[in-house]
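The file data_3.pdb comes next; it holds PDB, C-alpha atoms and all ligand atoms.
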```pdb
ATOM      1  CA  MET A   1      73.119  59.558  99.770  1.00  0.00           C
ATOM      2  CA  PRO A   2      72.716  56.691  97.289  1.00  0.00           C
ATOM      3  CA  ASN A   3      74.062  56.858  93.759  1.00  0.00           C
ATOM      4  CA  LEU A   4      71.270  58.474  91.712  1.00  0.00           C
ATOM      5  CA  ASN A   5      70.827  58.767  87.947  1.00  0.00           C
ATOM      6  CA  LEU A   6      67.839  60.008  85.978  1.00  0.00           C
ATOM      7  CA  TYR A   7      67.132  58.455  82.587  1.00  0.00           C
ATOM      8  CA  TYR A   8      65.085  60.888  80.534  1.00  0.00           C
ATOM      9  CA  LEU A   9      63.982  62.013  77.085  1.00  0.00           C
ATOM     10  CA  GLU A  10      64.149  65.693  76.181  1.00  0.00           C
ATOM     11  CA  THR A  11      60.646  65.840  74.718  1.00  0.00           C
ATOM     12  CA  CYS A  12      58.786  63.613  77.177  1.00  0.00           C
ATOM     13  CA  PRO A  13      56.232  65.571  79.257  1.00  0.00           C
ATOM     14  CA  TYR A  14      56.609  63.181  82.212  1.00  0.00           C
ATOM     15  CA  CYS A  15      60.365  63.745  82.148  1.00  0.00           C
ATOM     16  CA  ARG A  16      59.842  67.504  81.958  1.00  0.00           C
ATOM     17  CA  LYS A  17      57.655  67.313  85.059  1.00  0.00           C
ATOM     18  CA  VAL A  18      60.481  65.604  86.998  1.00  0.00           C
ATOM     19  CA  LEU A  19      63.118  67.966  85.587  1.00  0.00           C
ATOM     20  CA  HIS A  20      60.964  70.949  86.586  1.00  0.00           C
ATOM     21  CA  PHE A  21      60.626  69.599  90.137  1.00  0.00           C
ATOM     22  CA  MET A  22      64.403  69.081  90.323  1.00  0.00           C
ATOM     23  CA  ASP A  23      64.992  72.594  89.037  1.00  0.00           C
ATOM     24  CA  GLU A  24      62.610  74.149  91.565  1.00  0.00           C
ATOM     25  CA  ASN A  25      64.272  72.288  94.419  1.00  0.00           C
ATOM     26  CA  GLY A  26      67.894  72.596  93.334  1.00  0.00           C
ATOM     27  CA  ILE A  27      68.251  68.824  92.980  1.00  0.00           C
ATOM     28  CA  GLN A  28      71.182  67.582  90.926  1.00  0.00           C
ATOM     29  CA  LEU A  29      71.384  63.964  89.810  1.00  0.00           C
ATOM     30  CA  GLY A  30      73.460  62.044  87.322  1.00  0.00           C
ATOM     31  CA  MET A  31      71.733  62.740  84.013  1.00  0.00           C
ATOM     32  CA  LYS A  32      71.227  60.052  81.378  1.00  0.00           C
ATOM     33  CA  ASN A  33      69.835  61.774  78.293  1.00  0.00           C
ATOM     34  CA  ALA A  34      68.461  59.037  76.046  1.00  0.00           C
ATOM     35  CA  SER A  35      67.470  61.564  73.361  1.00  0.00           C
ATOM     36  CA  ALA A  36      71.130  62.432  72.871  1.00  0.00           C
ATOM     37  CA  HIS A  37      72.386  58.903  73.584  1.00  0.00           C
ATOM     38  CA  PRO A  38      69.912  56.307  72.215  1.00  0.00           C
ATOM     39  CA  GLU A  39      72.076  53.451  73.501  1.00  0.00           C
ATOM     40  CA  LEU A  40      70.830  54.377  76.980  1.00  0.00           C
ATOM     41  CA  ARG A  41      67.486  52.740  76.075  1.00  0.00           C
ATOM     42  CA  ALA A  42      69.142  49.321  76.071  1.00  0.00           C
ATOM     43  CA  GLU A  43      71.057  50.182  79.251  1.00  0.00           C
ATOM     44  CA  LEU A  44      67.819  51.114  81.015  1.00  0.00           C
ATOM     45  CA  SER A  45      66.016  47.995  79.747  1.00  0.00           C
ATOM     46  CA  ALA A  46      68.845  45.791  80.976  1.00  0.00           C
ATOM     47  CA  LYS A  47      68.701  47.344  84.448  1.00  0.00           C
ATOM     48  CA  GLY A  48      64.967  47.848  84.906  1.00  0.00           C
ATOM     49  CA  GLY A  49      63.222  45.530  82.481  1.00  0.00           C
ATOM     50  CA  ARG A  50      61.757  48.159  80.181  1.00  0.00           C
ATOM     51  CA  SER A  51      62.616  51.285  78.261  1.00  0.00           C
ATOM     52  CA  GLN A  52      60.261  53.810  79.845  1.00  0.00           C
ATOM     53  CA  PHE A  53      61.126  57.375  80.746  1.00  0.00           C
ATOM     54  CA  PRO A  54      61.640  58.962  83.155  1.00  0.00           C
ATOM     55  CA  ALA A  55      63.380  56.383  85.310  1.00  0.00           C
ATOM     56  CA  LEU A  56      65.356  56.995  88.470  1.00  0.00           C
ATOM     57  CA  GLU A  57      68.263  54.672  89.216  1.00  0.00           C
ATOM     58  CA  ILE A  58      68.835  54.345  92.948  1.00  0.00           C
ATOM     59  CA  ASP A  59      72.004  52.364  93.680  1.00  0.00           C
ATOM     60  CA  GLY A  60      71.389  50.227  90.591  1.00  0.00           C
ATOM     61  CA  GLU A  61      67.657  49.720  91.220  1.00  0.00           C
ATOM     62  CA  ILE A  62      65.261  51.311  88.731  1.00  0.00           C
ATOM     63  CA  MET A  63      62.148  53.252  89.740  1.00  0.00           C
ATOM     64  CA  TYR A  64      59.673  54.104  86.952  1.00  0.00           C
ATOM     65  CA  GLU A  65      56.707  56.510  87.026  1.00  0.00           C
ATOM     66  CA  SER A  66      57.223  60.262  87.251  1.00  0.00           C
ATOM     67  CA  ASP A  67      54.883  60.682  90.239  1.00  0.00           C
ATOM     68  CA  ASP A  68      56.701  57.981  92.220  1.00  0.00           C
ATOM     69  CA  ILE A  69      60.059  59.547  91.329  1.00  0.00           C
ATOM     70  CA  ILE A  70      58.908  62.971  92.544  1.00  0.00           C
ATOM     71  CA  VAL A  71      57.561  61.504  95.801  1.00  0.00           C
ATOM     72  CA  TRP A  72      60.854  59.672  96.341  1.00  0.00           C
ATOM     73  CA  LEU A  73      62.855  62.843  95.688  1.00  0.00           C
ATOM     74  CA  LYS A  74      60.600  64.819  98.051  1.00  0.00           C
ATOM     75  CA  GLU A  75      61.075  62.281 100.819  1.00  0.00           C
ATOM     76  CA  ASN A  76      64.771  61.655 100.333  1.00  0.00           C
ATOM     77  CA  TYR A  77      66.325  64.647  98.683  1.00  0.00           C
ATOM     78  CA  SER A  78      64.460  67.923  99.189  1.00  0.00           C
ATOM     79  CA  GLN A  79      65.987  70.357 101.653  1.00  0.00           C
TER      80      GLN A  79
HETATM   81  N1  LIG A 101      53.066  56.974  83.615  1.00  0.00           N
HETATM   82  C1  LIG A 101      54.420  57.189  83.143  1.00  0.00           C
HETATM   83  C2  LIG A 101      54.389  57.514  81.674  1.00  0.00           C
HETATM   84  C3  LIG A 101      55.791  57.569  81.083  1.00  0.00           C
HETATM   85  C4  LIG A 101      55.756  57.522  79.573  1.00  0.00           C
HETATM   86  O1  LIG A 101      54.714  57.257  78.937  1.00  0.00           O
HETATM   87  N2  LIG A 101      56.909  57.792  78.956  1.00  0.00           N
HETATM   88  C5  LIG A 101      57.029  57.674  77.537  1.00  0.00           C
HETATM   89  C6  LIG A 101      57.663  58.918  76.916  1.00  0.00           C
HETATM   90  S1  LIG A 101      56.681  60.367  77.164  1.00  0.00           S
HETATM   91  C7  LIG A 101      57.948  56.527  77.196  1.00  0.00           C
HETATM   92  O2  LIG A 101      58.884  56.235  77.923  1.00  0.00           O
HETATM   93  N3  LIG A 101      57.687  55.863  76.060  1.00  0.00           N
HETATM   94  C8  LIG A 101      58.542  54.810  75.610  1.00  0.00           C
HETATM   95  C9  LIG A 101      59.607  55.319  74.700  1.00  0.00           C
HETATM   96  O3  LIG A 101      59.629  56.510  74.382  1.00  0.00           O
HETATM   97  O4  LIG A 101      60.451  54.505  74.326  1.00  0.00           O
HETATM   98  C10 LIG A 101      55.075  58.281  83.983  1.00  0.00           C
HETATM   99  O5  LIG A 101      54.347  59.133  84.542  1.00  0.00           O
HETATM  100  O6  LIG A 101      56.319  58.288  84.119  1.00  0.00           O
END
```
Using structure tokens, write down the structure from this file.
Ligand SMILES: N[C@@H](CCC(=O)N[C@@H](CS)C(=O)NCC(=O)O)C(=O)O
Amino acid sequence: MPNLNLYYLETCPYCRKVLHFMDENGIQLGMKNASAHPELRAELSAKGGRSQFPALEIDGEIMYESDDIIVWLKENYSQ
């Protein structure tokens, strides 16, 4: 399994959608809460080119878009 981290904001509906999917499927990832740690915005921008949430880091590569993240998790992570 690759190294996976989810950058998210607590109040973002797109992030909540991904978090809900993870919850339903018992998926645990490294969690990067940019609401609690605003410096993560710059970290995400440096890695992926923009500060947009949610973002899934897969072995250092950034995937944006909640729907794409859920599809990726379905294909690679769901049991
Ligand atoms: N189409 C994107 C929309 C993501 C989006 O608009 N996220 C907002 C927060 S809800 C965002 O990152 N805005 C920039 C910011 O808050 O800095 C998705 O489905 O992931």
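Distance-wise, atom CA of A:Thr11 and atom CA of A:Glu61 end up 24.1 Å apart.
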Can you write out as a tab-separated table which residues of chain A fall within 8 Å of ligand LIG 101 (chain A), alongside each residue's closest atom pair and its distance in Å to one decimal, counting all atoms listed in the file and ordering rows by chain and ascending residue number?
```
residue	atom	partner	partner_atom	distance
A:Leu9	CA	A:LIG101	C6	7.0
A:Thr11	CA	A:LIG101	S1	7.2
A:Cys12	CA	A:LIG101	S1	3.9
A:Pro13	CA	A:LIG101	S1	5.6
A:Tyr14	CA	A:LIG101	O5	5.2
A:Cys15	CA	A:LIG101	S1	7.1
A:Arg41	CA	A:LIG101	O4	7.5
A:Ser51	CA	A:LIG101	O4	5.5
A:Gln52	CA	A:LIG101	O2	3.4
A:Phe53	CA	A:LIG101	O2	3.8
A:Pro54	CA	A:LIG101	O6	5.4
A:Ala55	CA	A:LIG101	O6	7.4
A:Tyr64	CA	A:LIG101	O6	6.1
A:Glu65	CA	A:LIG101	O6	3.4
A:Ser66	CA	A:LIG101	O6	3.8
A:Asp67	CA	A:LIG101	O5	5.9
```
Output for the residues just chosen: C-alpha atoms as a PDB file, in the coordinates of the input:
```
ATOM      1  CA  LEU A   9      63.982  62.013  77.085  1.00  0.00           C
ATOM      2  CA  THR A  11      60.646  65.840  74.718  1.00  0.00           C
ATOM      3  CA  CYS A  12      58.786  63.613  77.177  1.00  0.00           C
ATOM      4  CA  PRO A  13      56.232  65.571  79.257  1.00  0.00           C
ATOM      5  CA  TYR A  14      56.609  63.181  82.212  1.00  0.00           C
ATOM      6  CA  CYS A  15      60.365  63.745  82.148  1.00  0.00           C
ATOM      7  CA  ARG A  41      67.486  52.740  76.075  1.00  0.00           C
ATOM      8  CA  SER A  51      62.616  51.285  78.261  1.00  0.00           C
ATOM      9  CA  GLN A  52      60.261  53.810  79.845  1.00  0.00           C
ATOM     10  CA  PHE A  53      61.126  57.375  80.746  1.00  0.00           C
ATOM     11  CA  PRO A  54      61.640  58.962  83.155  1.00  0.00           C
ATOM     12  CA  ALA A  55      63.380  56.383  85.310  1.00  0.00           C
ATOM     13  CA  TYR A  64      59.673  54.104  86.952  1.00  0.00           C
ATOM     14  CA  GLU A  65      56.707  56.510  87.026  1.00  0.00           C
ATOM     15  CA  SER A  66      57.223  60.262  87.251  1.00  0.00           C
ATOM     16  CA  ASP A  67      54.883  60.682  90.239  1.00  0.00           C
TER      17      ASP A  67
END
```
| request: Please return, as a VMD selection string, all polymer residues that have at least one atom within 12 Å of the point (58.5, 68.4, 87.1); use only C-alpha atoms and the file's own coordinate frame. | output: chain A and resid 8 12 to 25 27 54 66 to 71 73 to 74
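Once the PyMOL selection byres (((chain A and resi 33) around 8) and not hetatm) is applied to the shown structure, the selection contains Tyr7, Tyr8, Leu9, Glu10, Met31, Lys32, Ala34, Ser35, Ala36, His37 and Leu40 of chain A.
When atom CA of A:Gly30 is paired with atom CA of A:Lys47, their separation reads 15.7 Å.
Shortest separation to A:Asn3 among A:Glu39, A:Gly49, A:Asn76, A:Leu29 occurs at residue A:Leu29, atoms counted being all atoms listed in the file.
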Take every atom of stretch 42-45 of chain A listed in the file, fit an axis-aligned box around them, add 4 Å per side, and give the centre and edge lengths in Å to one decimal as lines of an AutoDock Vina configuration file.
```
center_x = 68.5
center_y = 49.6
center_z = 78.5
size_x = 13.0
size_y = 11.1
size_z = 12.9
```
| Distance of atom CA of A:Pro38 from atom CA of A:Trp72, expressed in Å to one decimal place | 26.0 Å
For stretch 18-34 of chain A, supply N, CA and C atoms and report the output as an mmCIF file, in the coordinates of the input.
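Generated file (part25.cif):
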```cif
data_model
loop_
_atom_site.group_PDB
_atom_site.id
_atom_site.type_symbol
_atom_site.label_atom_id
_atom_site.label_comp_id
_atom_site.auth_asym_id
_atom_site.auth_seq_id
_atom_site.Cartn_x
_atom_site.Cartn_y
_atom_site.Cartn_z
ATOM 1 N N VAL A 18 59.444 65.940 86.001
ATOM 2 C CA VAL A 18 60.481 65.604 86.998
ATOM 3 C C VAL A 18 61.612 66.629 86.941
ATOM 4 N N LEU A 19 62.023 66.992 85.736
ATOM 5 C CA LEU A 19 63.118 67.966 85.587
ATOM 6 C C LEU A 19 62.726 69.318 86.193
ATOM 7 N N HIS A 20 61.453 69.696 86.017
ATOM 8 C CA HIS A 20 60.964 70.949 86.586
ATOM 9 C C HIS A 20 61.012 70.892 88.113
ATOM 10 N N PHE A 21 60.579 69.762 88.676
ATOM 11 C CA PHE A 21 60.626 69.599 90.137
ATOM 12 C C PHE A 21 62.080 69.690 90.635
ATOM 13 N N MET A 22 62.988 69.035 89.927
ATOM 14 C CA MET A 22 64.403 69.081 90.323
ATOM 15 C C MET A 22 64.925 70.511 90.279
ATOM 16 N N ASP A 23 64.555 71.215 89.220
ATOM 17 C CA ASP A 23 64.992 72.594 89.037
ATOM 18 C C ASP A 23 64.497 73.480 90.190
ATOM 19 N N GLU A 24 63.227 73.341 90.497
ATOM 20 C CA GLU A 24 62.610 74.149 91.565
ATOM 21 C C GLU A 24 63.257 73.906 92.914
ATOM 22 N N ASN A 25 63.743 72.678 93.114
ATOM 23 C CA ASN A 25 64.272 72.288 94.419
ATOM 24 C C ASN A 25 65.796 72.184 94.446
ATOM 25 N N GLY A 26 66.433 72.600 93.379
ATOM 26 C CA GLY A 26 67.894 72.596 93.334
ATOM 27 C C GLY A 26 68.488 71.204 93.450
ATOM 28 N N ILE A 27 67.792 70.219 92.898
ATOM 29 C CA ILE A 27 68.251 68.824 92.980
ATOM 30 C C ILE A 27 69.103 68.492 91.760
ATOM 31 N N GLN A 28 70.300 67.979 92.021
ATOM 32 C CA GLN A 28 71.182 67.582 90.926
ATOM 33 C C GLN A 28 71.427 66.087 91.002
ATOM 34 N N LEU A 29 71.184 65.410 89.891
ATOM 35 C CA LEU A 29 71.384 63.964 89.810
ATOM 36 C C LEU A 29 72.309 63.679 88.636
ATOM 37 N N GLY A 30 72.807 62.461 88.551
ATOM 38 C CA GLY A 30 73.460 62.044 87.322
ATOM 39 C C GLY A 30 72.405 62.037 86.229
ATOM 40 N N MET A 31 72.734 62.593 85.066
ATOM 41 C CA MET A 31 71.733 62.740 84.013
ATOM 42 C C MET A 31 72.061 61.809 82.847
ATOM 43 N N LYS A 32 71.079 61.002 82.486
ATOM 44 C CA LYS A 32 71.227 60.052 81.378
ATOM 45 C C LYS A 32 70.225 60.449 80.292
ATOM 46 N N ASN A 33 70.677 61.227 79.348
ATOM 47 C CA ASN A 33 69.835 61.774 78.293
ATOM 48 C C ASN A 33 69.744 60.779 77.124
ATOM 49 N N ALA A 34 68.625 60.061 77.080
ATOM 50 C CA ALA A 34 68.461 59.037 76.046
ATOM 51 C C ALA A 34 68.071 59.631 74.698
#
```
